Amino acid sequence: AAAASAGGSSLASPDGAKERVQLMGQYGLSLDEEEARIKSDSTPAETDEYMKKNAVWTGFFLHAESDSGNPARCSFVGADGYFETARIAFETALSLRFDKSKLPYKGGVLTPSTAGGTVLVERLIESGVRFNLGECIDYS
């Protein structure tokens with residue numbers, strides 16, 4: 001059961017001990033404090049360590065050619081599919097929460113890549129995804 005006090009809230013755990021709860025959002029941390037806290041919890045180095053430890057990675061290597069013969073290449077390399085699915089969902093949510101003014105659309109039923117645009121790509125790269133436009137990454 002939750003018990004509110006003048007200085008915040010506390011939760012009773014199954015063993016009867018009470019823990020302080022840090023409220024976030026409208027009634028707790030400011031937007032800047034919340035963003036700083038989220039950014040401090042994870043680094044690209046953690047992704048590298050995860051990939052090395054689990055020896056599993058996901059890569060998409062794309063090659064296209066226009067009707068006039070102009071080639072285009074790009075690649076995206078990250079951790080395993082489950083990890084990357086969670087990362088994309090999380091970074092999409094952060095884009096919607098913190099970068100709403102920079103997004104190309106203000107609403108609708110959109111895929112993460114359409115909704116997030118370059119803002120999402122930048123967040124994914126900052127979080128440890130390797131993205132290369134113009135050539136494929138050699139990840140062997």
# chains A, B, ... in the order shown; residues from 1 in each chain; ligands from 1
>>> residues_around(residues="segment 120-124 of chain A", least_positions_apart="6", cutoff="10 Å", atoms="only C-alpha atoms", output="PyMOL selection string")
chain A and resi 44+78+84+87-88+90-96+99+103+112-114+130-131
>>> closest_residue(among="A:Thr111, A:Asn132, A:Ser75, A:Ser30", to="Ala89 of chain A", atoms="only C-alpha atoms")
A:Thr111
>>> closest_residue(among="A:Gly69, A:Ser101, A:Ala79, A:Cys74", to="Trp57 of chain A", atoms="only C-alpha atoms")
A:Ala79
>>> residues_around(residues="Pro104 of chain A", least_positions_apart="3", cutoff="10 Å", atoms="only C-alpha atoms", output="JSON, numbers by chain")
{"A": [100, 101, 107, 114, 115, 116, 117, 118, 119]}
>>> select_by_dssp(residues="segment 51-105 of chain A", states="strand (DSSP E)", output="PDB file with C-alpha atoms, in the first residue's frame")
ATOM      1  CA  THR A  58      22.275  -7.844 -35.279  1.00  0.00           C
ATOM      2  CA  GLY A  59      23.212  -6.159 -38.507  1.00  0.00           C
ATOM      3  CA  PHE A  60      21.372  -4.739 -41.453  1.00  0.00           C
ATOM      4  CA  PHE A  61      23.492  -4.066 -44.523  1.00  0.00           C
ATOM      5  CA  LEU A  62      21.570  -2.263 -47.236  1.00  0.00           C
ATOM      6  CA  HIS A  63      22.552  -1.638 -50.835  1.00  0.00           C
ATOM      7  CA  ALA A  64      20.305   0.087 -53.356  1.00  0.00           C
ATOM      8  CA  GLU A  65      20.810   1.401 -56.853  1.00  0.00           C
ATOM      9  CA  PRO A  71      24.479   3.283 -55.670  1.00  0.00           C
ATOM     10  CA  ALA A  72      23.540   3.952 -52.046  1.00  0.00           C
ATOM     11  CA  ARG A  73      24.710   1.933 -49.055  1.00  0.00           C
ATOM     12  CA  CYS A  74      24.156   2.047 -45.336  1.00  0.00           C
ATOM     13  CA  SER A  75      24.454  -0.301 -42.390  1.00  0.00           C
ATOM     14  CA  PHE A  76      23.122  -0.589 -38.873  1.00  0.00           C
ATOM     15  CA  VAL A  77      24.846  -2.858 -36.344  1.00  0.00           C
ATOM     16  CA  GLY A  78      23.789  -3.416 -32.759  1.00  0.00           C
TER      17      GLY A  78
END
>>> closest_residue(among="A:Thr85, A:Val109, A:Asp32, A:Arg37", to="Val129 of chain A", atoms="only C-alpha atoms")
A:Thr85
